[in-house]
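Asks: Structure: protein-v3.csv, CSV, N, CA and C atoms.
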chain,number,residue,atom,x,y,z
A,1,MET,N,229.9,37.2,151.2
A,1,MET,CA,230.0,37.0,149.7
A,1,MET,C,231.4,36.5,149.4
A,2,ARG,N,231.4,35.3,148.9
A,2,ARG,CA,232.7,34.6,148.6
A,2,ARG,C,232.8,34.5,147.1
A,3,ARG,N,234.1,34.5,146.7
A,3,ARG,CA,234.4,34.3,145.3
A,3,ARG,C,235.2,33.0,145.2
A,4,SER,N,234.9,32.3,144.2
A,4,SER,CA,235.7,31.0,144.0
A,4,SER,C,237.1,31.4,143.6
A,5,GLY,N,238.0,30.6,144.0
A,5,GLY,CA,239.4,30.8,143.7
A,5,GLY,C,239.8,30.5,142.3
A,6,GLY,N,241.0,30.7,141.9
A,6,GLY,CA,241.4,30.4,140.5
A,6,GLY,C,241.4,31.6,139.6
A,7,SER,N,241.9,31.3,138.4
A,7,SER,CA,242.0,32.4,137.4
A,7,SER,C,240.7,32.8,136.9
A,8,ASP,N,239.7,31.9,136.8
A,8,ASP,CA,238.4,32.3,136.3
A,8,ASP,C,237.4,32.5,137.5
A,9,ALA,N,237.8,33.4,138.4
A,9,ALA,CA,237.1,33.6,139.6
A,9,ALA,C,235.7,34.2,139.3
A,10,SER,N,234.7,33.5,139.7
A,10,SER,CA,233.3,33.9,139.4
A,10,SER,C,232.6,34.2,140.8
A,11,PHE,N,231.6,35.0,140.7
A,11,PHE,CA,230.8,35.4,141.9
A,11,PHE,C,229.9,34.2,142.3
A,12,ASP,N,229.9,33.9,143.6
A,12,ASP,CA,229.1,32.9,144.2
A,12,ASP,C,227.7,33.4,144.5
A,13,TRP,N,226.9,33.3,143.5
A,13,TRP,CA,225.5,33.9,143.7
A,13,TRP,C,224.7,33.2,144.8
A,14,GLN,N,224.9,31.9,144.9
A,14,GLN,CA,224.1,31.2,145.9
A,14,GLN,C,224.4,31.7,147.3
A,15,SER,N,225.7,31.8,147.6
A,15,SER,CA,226.1,32.3,148.9
A,15,SER,C,225.6,33.7,149.1
A,16,TYR,N,225.7,34.5,148.1
A,16,TYR,CA,225.3,35.9,148.2
A,16,TYR,C,223.8,36.0,148.5
A,17,ILE,N,223.0,35.2,147.8
A,17,ILE,CA,221.6,35.2,148.0
A,17,ILE,C,221.2,34.7,149.3
A,18,VAL,N,221.8,33.7,149.8
A,18,VAL,CA,221.5,33.1,151.1
A,18,VAL,C,221.9,34.2,152.2
A,19,GLU,N,223.0,34.8,152.1
A,19,GLU,CA,223.4,35.8,153.1
A,19,GLU,C,222.5,37.0,153.1
A,20,THR,N,222.2,37.5,151.9
A,20,THR,CA,221.3,38.6,151.7
A,20,THR,C,219.9,38.3,152.3
A,21,THR,N,219.4,37.1,152.0
A,21,THR,CA,218.1,36.7,152.5
A,21,THR,C,218.1,36.7,154.0
A,22,GLU,N,219.1,36.1,154.6
A,22,GLU,CA,219.2,36.0,156.0
A,22,GLU,C,219.3,37.3,156.7
A,23,ALA,N,220.0,38.2,156.1
A,23,ALA,CA,220.2,39.6,156.6
A,23,ALA,C,218.8,40.3,156.5
A,24,GLU,N,218.1,40.1,155.4
A,24,GLU,CA,216.8,40.8,155.3
A,24,GLU,C,215.8,40.2,156.2
A,25,LYS,N,215.8,38.9,156.4
A,25,LYS,CA,214.9,38.3,157.4
A,25,LYS,C,215.2,38.8,158.8
A,26,ASP,N,216.5,38.9,159.2
A,26,ASP,CA,216.8,39.4,160.5
A,26,ASP,C,216.3,40.9,160.6
A,27,ARG,N,216.5,41.7,159.6
A,27,ARG,CA,216.1,43.1,159.7
A,27,ARG,C,214.6,43.1,159.8
A,28,LEU,N,213.8,42.4,159.1
A,28,LEU,CA,212.4,42.4,159.2
A,28,LEU,C,211.9,41.9,160.5
A,29,GLN,N,212.6,40.9,161.0
A,29,GLN,CA,212.2,40.3,162.4
A,29,GLN,C,212.4,41.4,163.5
A,30,ARG,N,213.5,42.1,163.4
A,30,ARG,CA,213.8,43.2,164.3
A,30,ARG,C,212.8,44.3,164.3
A,31,GLN,N,212.4,44.6,163.0
A,31,GLN,CA,211.4,45.7,162.9
A,31,GLN,C,210.0,45.2,163.4
A,32,LEU,N,209.7,43.9,163.2
A,32,LEU,CA,208.5,43.4,163.7
A,32,LEU,C,208.4,43.4,165.2
A,33,GLU,N,209.5,42.9,165.8
A,33,GLU,CA,209.6,42.9,167.3
A,33,GLU,C,209.5,44.4,167.8
A,34,ALA,N,210.2,45.3,167.2
A,34,ALA,CA,210.1,46.7,167.6
A,34,ALA,C,208.7,47.2,167.6
A,35,LYS,N,207.9,46.9,166.5
A,35,LYS,CA,206.5,47.3,166.4
A,35,LYS,C,205.7,46.7,167.5
A,36,GLN,N,206.0,45.4,167.8
A,36,GLN,CA,205.2,44.8,168.9
A,36,GLN,C,205.5,45.4,170.2
A,37,VAL,N,206.7,45.8,170.5
A,37,VAL,CA,207.1,46.5,171.7
A,37,VAL,C,206.4,47.9,171.7
A,38,GLN,N,206.4,48.5,170.6
A,38,GLN,CA,205.7,49.8,170.5
A,38,GLN,C,204.2,49.7,170.7
A,39,ILE,N,203.6,48.7,170.2
A,39,ILE,CA,202.2,48.4,170.5
A,39,ILE,C,201.9,48.2,172.0
A,40,ARG,N,202.8,47.4,172.6
A,40,ARG,CA,202.6,47.1,174.0
A,40,ARG,C,202.8,48.4,174.9
A,41,ARG,N,203.8,49.2,174.5
A,41,ARG,CA,204.0,50.5,175.3
A,41,ARG,C,202.9,51.5,175.1
A,42,ARG,N,202.4,51.6,173.8
A,42,ARG,CA,201.3,52.5,173.5
A,42,ARG,C,200.1,52.0,174.2
A,43,SER,N,199.8,50.7,174.3
A,43,SER,CA,198.7,50.2,175.0
A,43,SER,C,198.7,50.6,176.5
A,44,GLU,N,199.9,50.4,177.1
A,44,GLU,CA,200.1,50.7,178.5
A,44,GLU,C,199.9,52.2,178.8
A,45,MET,N,200.4,53.0,177.9
A,45,MET,CA,200.2,54.5,178.0
A,45,MET,C,198.8,54.9,177.9
A,46,TYR,N,198.1,54.2,177.0
A,46,TYR,CA,196.7,54.5,176.8
A,46,TYR,C,195.9,54.1,178.0
A,47,GLU,N,196.1,52.9,178.5
A,47,GLU,CA,195.4,52.4,179.7
A,47,GLU,C,195.7,53.4,180.9
A,48,ALA,N,196.9,53.8,181.1
A,48,ALA,CA,197.2,54.8,182.2
A,48,ALA,C,196.5,56.1,182.0
A,49,ALA,N,196.5,56.6,180.7
A,49,ALA,CA,195.8,57.9,180.5
A,49,ALA,C,194.3,57.8,180.7
A,50,VAL,N,193.7,56.7,180.2
A,50,VAL,CA,192.3,56.5,180.4
A,50,VAL,C,191.9,56.3,181.9
A,51,ASP,N,192.7,55.6,182.6
A,51,ASP,CA,192.5,55.4,184.0
A,51,ASP,C,192.5,56.8,184.8
A,52,ALA,N,193.5,57.6,184.4
A,52,ALA,CA,193.7,58.9,185.0
A,52,ALA,C,192.5,59.8,184.7
A,53,LEU,N,192.1,59.8,183.4
A,53,LEU,CA,190.9,60.6,183.0
A,53,LEU,C,189.6,60.1,183.7
A,54,LYS,N,189.5,58.8,183.8
A,54,LYS,CA,188.3,58.3,184.4
A,54,LYS,C,188.2,58.6,185.9
A,55,GLN,N,189.4,58.6,186.6
A,55,GLN,CA,189.5,58.9,188.0
A,55,GLN,C,189.1,60.4,188.2
A,56,GLU,N,189.7,61.2,187.3
A,56,GLU,CA,189.4,62.7,187.4
A,56,GLU,C,187.9,63.0,187.2
A,57,LEU,N,187.4,62.3,186.2
A,57,LEU,CA,186.0,62.4,185.8
A,57,LEU,C,185.1,62.0,187.0
A,58,GLN,N,185.5,60.9,187.6
A,58,GLN,CA,184.7,60.4,188.8
A,58,GLN,C,184.8,61.4,189.9
A,59,ASP,N,186.0,62.0,190.1
A,59,ASP,CA,186.1,63.0,191.2
A,59,ASP,C,185.1,64.2,190.9
A,60,VAL,N,185.1,64.6,189.6
A,60,VAL,CA,184.2,65.7,189.3
A,60,VAL,C,182.8,65.4,189.5
A,61,GLU,N,182.4,64.1,189.1
A,61,GLU,CA,181.0,63.7,189.3
A,61,GLU,C,180.7,63.7,190.8
A,62,HIS,N,181.6,63.2,191.6
A,62,HIS,CA,181.4,63.2,193.0
A,62,HIS,C,181.2,64.6,193.6
A,63,GLN,N,182.0,65.5,193.1
A,63,GLN,CA,181.9,66.9,193.6
A,63,GLN,C,180.6,67.5,193.1
A,64,LEU,N,180.2,67.2,191.9
A,64,LEU,CA,178.9,67.7,191.4
A,64,LEU,C,177.7,67.2,192.2
A,65,ASP,N,177.8,65.9,192.6
A,65,ASP,CA,176.7,65.3,193.4
A,65,ASP,C,176.6,66.0,194.8
A,66,ARG,N,177.8,66.4,195.3
A,66,ARG,CA,177.8,67.0,196.7
A,66,ARG,C,177.7,68.5,196.6
A,67,CYS,N,177.9,69.1,195.5
A,67,CYS,CA,178.0,70.5,195.4
A,67,CYS,C,176.6,71.2,195.3
A,68,ILE,N,176.3,71.9,196.3
A,68,ILE,CA,175.0,72.6,196.3
A,68,ILE,C,175.4,74.1,196.4
A,69,ARG,N,176.6,74.4,196.7
A,69,ARG,CA,177.1,75.7,197.0
A,69,ARG,C,176.6,76.8,196.0
A,70,THR,N,177.5,77.1,195.1
A,70,THR,CA,177.1,78.2,194.2
A,70,THR,C,176.9,77.7,192.8
A,71,ARG,N,176.1,78.4,192.1
A,71,ARG,CA,175.8,78.1,190.7
A,71,ARG,C,177.1,78.1,189.9
A,72,GLU,N,177.9,79.1,190.2
A,72,GLU,CA,179.2,79.3,189.5
A,72,GLU,C,180.1,78.0,189.6
A,73,LYS,N,180.1,77.5,190.8
A,73,LYS,CA,181.0,76.3,191.1
A,73,LYS,C,180.4,75.1,190.3
A,74,ARG,N,179.1,75.0,190.3
A,74,ARG,CA,178.5,73.9,189.6
A,74,ARG,C,178.7,74.0,188.1
A,75,GLU,N,178.6,75.2,187.6
A,75,GLU,CA,178.9,75.4,186.1
A,75,GLU,C,180.4,75.1,185.8
A,76,GLN,N,181.2,75.5,186.7
A,76,GLN,CA,182.7,75.2,186.5
A,76,GLN,C,182.9,73.7,186.5
A,77,LEU,N,182.3,73.0,187.4
A,77,LEU,CA,182.5,71.6,187.5
A,77,LEU,C,181.9,70.9,186.2
A,78,LYS,N,180.7,71.4,185.7
A,78,LYS,CA,180.1,70.8,184.5
A,78,LYS,C,181.0,71.0,183.3
A,79,ARG,N,181.6,72.2,183.2
A,79,ARG,CA,182.6,72.5,182.1
A,79,ARG,C,183.8,71.6,182.2
A,80,ARG,N,184.3,71.4,183.4
A,80,ARG,CA,185.4,70.5,183.6
A,80,ARG,C,185.0,69.1,183.2
A,81,ARG,N,183.8,68.7,183.6
A,81,ARG,CA,183.4,67.3,183.2
A,81,ARG,C,183.3,67.2,181.7
A,82,GLU,N,182.7,68.2,181.1
A,82,GLU,CA,182.6,68.1,179.6
A,82,GLU,C,184.0,68.0,178.9
A,83,ARG,N,184.9,68.8,179.5
A,83,ARG,CA,186.3,68.8,179.0
A,83,ARG,C,186.9,67.4,179.2
A,84,LEU,N,186.8,66.9,180.3
A,84,LEU,CA,187.3,65.5,180.6
A,84,LEU,C,186.7,64.5,179.7
A,85,GLN,N,185.4,64.6,179.5
A,85,GLN,CA,184.7,63.6,178.6
A,85,GLN,C,185.3,63.7,177.2
A,86,GLY,N,185.5,65.0,176.8
A,86,GLY,CA,186.1,65.2,175.5
A,86,GLY,C,187.5,64.7,175.4
A,87,ASP,N,188.3,64.9,176.4
A,87,ASP,CA,189.6,64.4,176.5
A,87,ASP,C,189.6,62.8,176.4
A,88,LEU,N,188.7,62.2,177.1
A,88,LEU,CA,188.6,60.8,177.1
A,88,LEU,C,188.2,60.3,175.7
A,89,ARG,N,187.3,60.9,175.1
A,89,ARG,CA,186.9,60.5,173.7
A,89,ARG,C,188.0,60.7,172.8
A,90,GLU,N,188.7,61.8,172.9
A,90,GLU,CA,189.8,62.1,172.0
A,90,GLU,C,191.0,61.1,172.2
A,91,THR,N,191.2,60.8,173.5
A,91,THR,CA,192.3,59.8,173.8
A,91,THR,C,191.9,58.4,173.2
A,92,ARG,N,190.7,58.0,173.3
A,92,ARG,CA,190.3,56.7,172.7
A,92,ARG,C,190.4,56.7,171.2
A,93,GLU,N,190.0,57.8,170.6
A,93,GLU,CA,190.1,57.9,169.1
A,93,GLU,C,191.5,57.9,168.6
A,94,GLN,N,192.4,58.7,169.3
A,94,GLN,CA,193.8,58.7,168.9
A,94,GLN,C,194.4,57.4,169.1
A,95,PHE,N,194.1,56.7,170.2
A,95,PHE,CA,194.6,55.4,170.5
A,95,PHE,C,194.2,54.4,169.3
A,96,ALA,N,192.9,54.5,169.0
A,96,ALA,CA,192.4,53.6,167.9
A,96,ALA,C,193.1,53.9,166.6
A,97,ASP,N,193.4,55.1,166.3
A,97,ASP,CA,194.1,55.5,165.1
A,97,ASP,C,195.5,55.0,165.2
A,98,ASP,N,196.2,55.2,166.3
A,98,ASP,CA,197.6,54.7,166.5
A,98,ASP,C,197.7,53.2,166.3
A,99,MET,N,196.8,52.5,167.0
A,99,MET,CA,196.8,51.1,166.9
A,99,MET,C,196.6,50.6,165.5
A,100,GLN,N,195.7,51.2,164.8
A,100,GLN,CA,195.4,50.8,163.4
A,100,GLN,C,196.7,51.0,162.6
A,101,GLN,N,197.3,52.1,162.7
A,101,GLN,CA,198.6,52.3,162.0
A,101,GLN,C,199.6,51.3,162.4
A,102,LEU,N,199.8,51.0,163.6
A,102,LEU,CA,200.8,50.0,164.1
A,102,LEU,C,200.4,48.6,163.6
A,103,GLU,N,199.2,48.3,163.7
A,103,GLU,CA,198.7,47.0,163.2
A,103,GLU,C,198.9,46.8,161.7
A,104,ASP,N,198.7,47.9,161.0
A,104,ASP,CA,198.9,47.9,159.5
A,104,ASP,C,200.4,47.7,159.2
A,105,ALA,N,201.2,48.4,160.0
A,105,ALA,CA,202.7,48.2,159.8
A,105,ALA,C,203.1,46.8,160.1
A,106,VAL,N,202.6,46.2,161.2
A,106,VAL,CA,202.9,44.8,161.5
A,106,VAL,C,202.5,43.9,160.4
A,107,LEU,N,201.3,44.1,159.9
A,107,LEU,CA,200.8,43.2,158.8
A,107,LEU,C,201.7,43.3,157.6
A,108,GLU,N,202.1,44.5,157.3
A,108,GLU,CA,203.0,44.7,156.1
A,108,GLU,C,204.3,44.0,156.4
A,109,LEU,N,204.9,44.1,157.6
A,109,LEU,CA,206.2,43.5,157.9
A,109,LEU,C,206.0,41.9,157.8
A,110,GLU,N,204.9,41.4,158.4
A,110,GLU,CA,204.6,40.0,158.3
A,110,GLU,C,204.5,39.5,156.9
A,111,ALA,N,203.8,40.3,156.1
A,111,ALA,CA,203.6,39.9,154.7
A,111,ALA,C,205.0,39.9,154.0
A,112,GLU,N,205.8,40.9,154.2
A,112,GLU,CA,207.1,41.0,153.6
A,112,GLU,C,208.0,39.8,154.1
A,113,LEU,N,207.9,39.5,155.3
A,113,LEU,CA,208.7,38.4,155.9
A,113,LEU,C,208.2,37.1,155.2
A,114,ALA,N,206.9,36.9,155.1
A,114,ALA,CA,206.4,35.7,154.5
A,114,ALA,C,206.8,35.5,153.0
A,115,GLU,N,206.8,36.7,152.3
A,115,GLU,CA,207.2,36.6,150.9
A,115,GLU,C,208.7,36.3,150.8
A,116,LEU,N,209.5,36.8,151.7
A,116,LEU,CA,210.9,36.5,151.8
A,116,LEU,C,211.2,35.0,152.1
A,117,CYS,N,210.4,34.5,153.0
A,117,CYS,CA,210.6,33.1,153.3
A,117,CYS,C,210.1,32.2,152.2
A,118,GLU,N,209.1,32.6,151.5
A,118,GLU,CA,208.6,31.8,150.3
A,118,GLU,C,209.7,31.9,149.2
A,119,ALA,N,210.2,33.1,149.0
A,119,ALA,CA,211.3,33.2,148.0
A,119,ALA,C,212.5,32.4,148.3
A,120,GLU,N,212.8,32.3,149.6
A,120,GLU,CA,213.9,31.5,150.1
A,120,GLU,C,213.7,30.0,149.8
A,121,GLN,N,212.5,29.6,150.1
A,121,GLN,CA,212.1,28.2,149.8
A,121,GLN,C,212.2,27.9,148.3
A,122,LEU,N,211.7,28.8,147.5
A,122,LEU,CA,211.8,28.6,146.0
A,122,LEU,C,213.2,28.5,145.6
A,123,LEU,N,214.0,29.3,146.1
A,123,LEU,CA,215.5,29.3,145.8
A,123,LEU,C,216.1,28.0,146.2
A,124,GLU,N,215.8,27.6,147.4
A,124,GLU,CA,216.4,26.3,147.8
A,124,GLU,C,215.9,25.1,146.9
A,125,GLN,N,214.6,25.2,146.5
A,125,GLN,CA,214.1,24.1,145.6
A,125,GLN,C,214.9,24.2,144.3
A,126,ALA,N,215.1,25.4,143.8
A,126,ALA,CA,215.7,25.5,142.5
A,126,ALA,C,217.2,25.1,142.6
A,127,VAL,N,217.8,25.3,143.7
A,127,VAL,CA,219.2,24.9,143.9
A,127,VAL,C,219.4,23.4,144.0
A,128,ASN,N,218.4,22.8,144.7
A,128,ASN,CA,218.4,21.4,144.9
A,128,ASN,C,218.0,20.5,143.7
A,129,ARG,N,217.5,21.1,142.7
A,129,ARG,CA,217.1,20.4,141.5
A,129,ARG,C,218.3,20.0,140.7
Let me see the structure of the file written as structure tokens.
Replies:
Amino acid sequence: MRRSGGSDASFDWQSYIVETTEAEKDRLQRQLEAKQVQIRRRSEMYEAAVDALKQELQDVEHQLDRCIRTREKREQLKRRRERLQGDLRETREQFADDMQQLEDAVLELEAELAELCEAEQLLEQAVNR
């Protein structure tokens, strides 16, 4: 923010607006990049969790196929399988909810950034007239 020199020092609105707009664009861009990193990390965590649950579920299914021992053991494995299936379903639902929230936040940031760029262009056009 600069002020013109002299006795009738007036505020340099144009410089102020340009500096403020640039700072706001930088802030929005950093937030957008942070959300994209968050989406990538959340996706990686989700994929790892789903892979682990699927592997554990596969192990239980294999044990169930081979298990003829006791009825109690089979029931225990069936309960474990149901729990794992529930965990997998819950993980998928939570991931879908998380992704929706993150995608909504990204869309809001992109819209805000687009509005800011549009306002900046209008300002430049007004100044150049």
Asks: Mind giving me the straight-line distance from atom CA of Asp12 of chain A to atom CA of Glu124 of chain A in Å, one decimal?
Replies: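 Those two atoms sit 14.8 Å apart.
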Asks: Could you work out how far atom C of Val60 of chain A lies from atom C of Gly86 of chain A, giving the answer in Å with one decimal?
Replies: 14.9 Å
Asks: How close does segment 37-107 of chain A get to segment 19-30 of chain A? List, as a tab-separated table, each residue of segment 37-107 of chain A within 12 Å, its nearest atom pair and the distance in Å to one decimal, counting only C-alpha atoms.
Replies:
residue	atom	partner	partner_atom	distance
A:Val37	CA	A:Arg30	CA	10.5
A:Ala105	CA	A:Leu28	CA	11.3
A:Val106	CA	A:Leu28	CA	10.1
A:Leu107	CA	A:Leu28	CA	11.6
Asks: Would you save the residues of that selection, restricted to N, CA and C atoms, as a short mmCIF file (atom, residue, chain, number, x, y, z; two decimals), in the coordinates of the input?
Replies:
data_model
loop_
_atom_site.label_atom_id
_atom_site.label_comp_id
_atom_site.auth_asym_id
_atom_site.auth_seq_id
_atom_site.Cartn_x
_atom_site.Cartn_y
_atom_site.Cartn_z
N VAL A 37 206.70 45.80 170.50
CA VAL A 37 207.10 46.50 171.70
C VAL A 37 206.40 47.90 171.70
N ALA A 105 201.20 48.40 160.00
CA ALA A 105 202.70 48.20 159.80
C ALA A 105 203.10 46.80 160.10
N VAL A 106 202.60 46.20 161.20
CA VAL A 106 202.90 44.80 161.50
C VAL A 106 202.50 43.90 160.40
N LEU A 107 201.30 44.10 159.90
CA LEU A 107 200.80 43.20 158.80
C LEU A 107 201.70 43.30 157.60
#
Asks: Measure the distance from atom CA of Gln38 of chain A to atom CA of Leu53 of chain A in Å and round it to one decimal.
Replies: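 That distance, rounded to one decimal, is 22.2 Å.
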Asks: Could you list, with a cut-off of 8 Å and counting all atoms listed in the file, the residues of segment 15-63 of chain A near segment 92-96 of chain A, each shown with its nearest atom pair and the distance in Å rounded to one decimal, rows sorted by chain and ascending number, as CSV?
Replies:
residue,atom,partner,partner_atom,distance
A:Arg42,C,A:Phe95,CA,7.4
A:Ser43,N,A:Phe95,CA,8.0
A:Tyr46,CA,A:Phe95,CA,6.7
A:Val50,CA,A:Arg92,N,7.4
Asks: Those selected residues, please, written with N, CA and C atoms and delivered as a JSON list (two decimals), in the frame of the given file.
Replies:
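After the write, out_29.json holds the following:
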[["chain", "number", "residue", "atom", "x", "y", "z"],
["A", 42, "ARG", "N", 202.40, 51.60, 173.80],
["A", 42, "ARG", "CA", 201.30, 52.50, 173.50],
["A", 42, "ARG", "C", 200.10, 52.00, 174.20],
["A", 43, "SER", "N", 199.80, 50.70, 174.30],
["A", 43, "SER", "CA", 198.70, 50.20, 175.00],
["A", 43, "SER", "C", 198.70, 50.60, 176.50],
["A", 46, "TYR", "N", 198.10, 54.20, 177.00],
["A", 46, "TYR", "CA", 196.70, 54.50, 176.80],
["A", 46, "TYR", "C", 195.90, 54.10, 178.00],
["A", 50, "VAL", "N", 193.70, 56.70, 180.20],
["A", 50, "VAL", "CA", 192.30, 56.50, 180.40],
["A", 50, "VAL", "C", 191.90, 56.30, 181.90]]
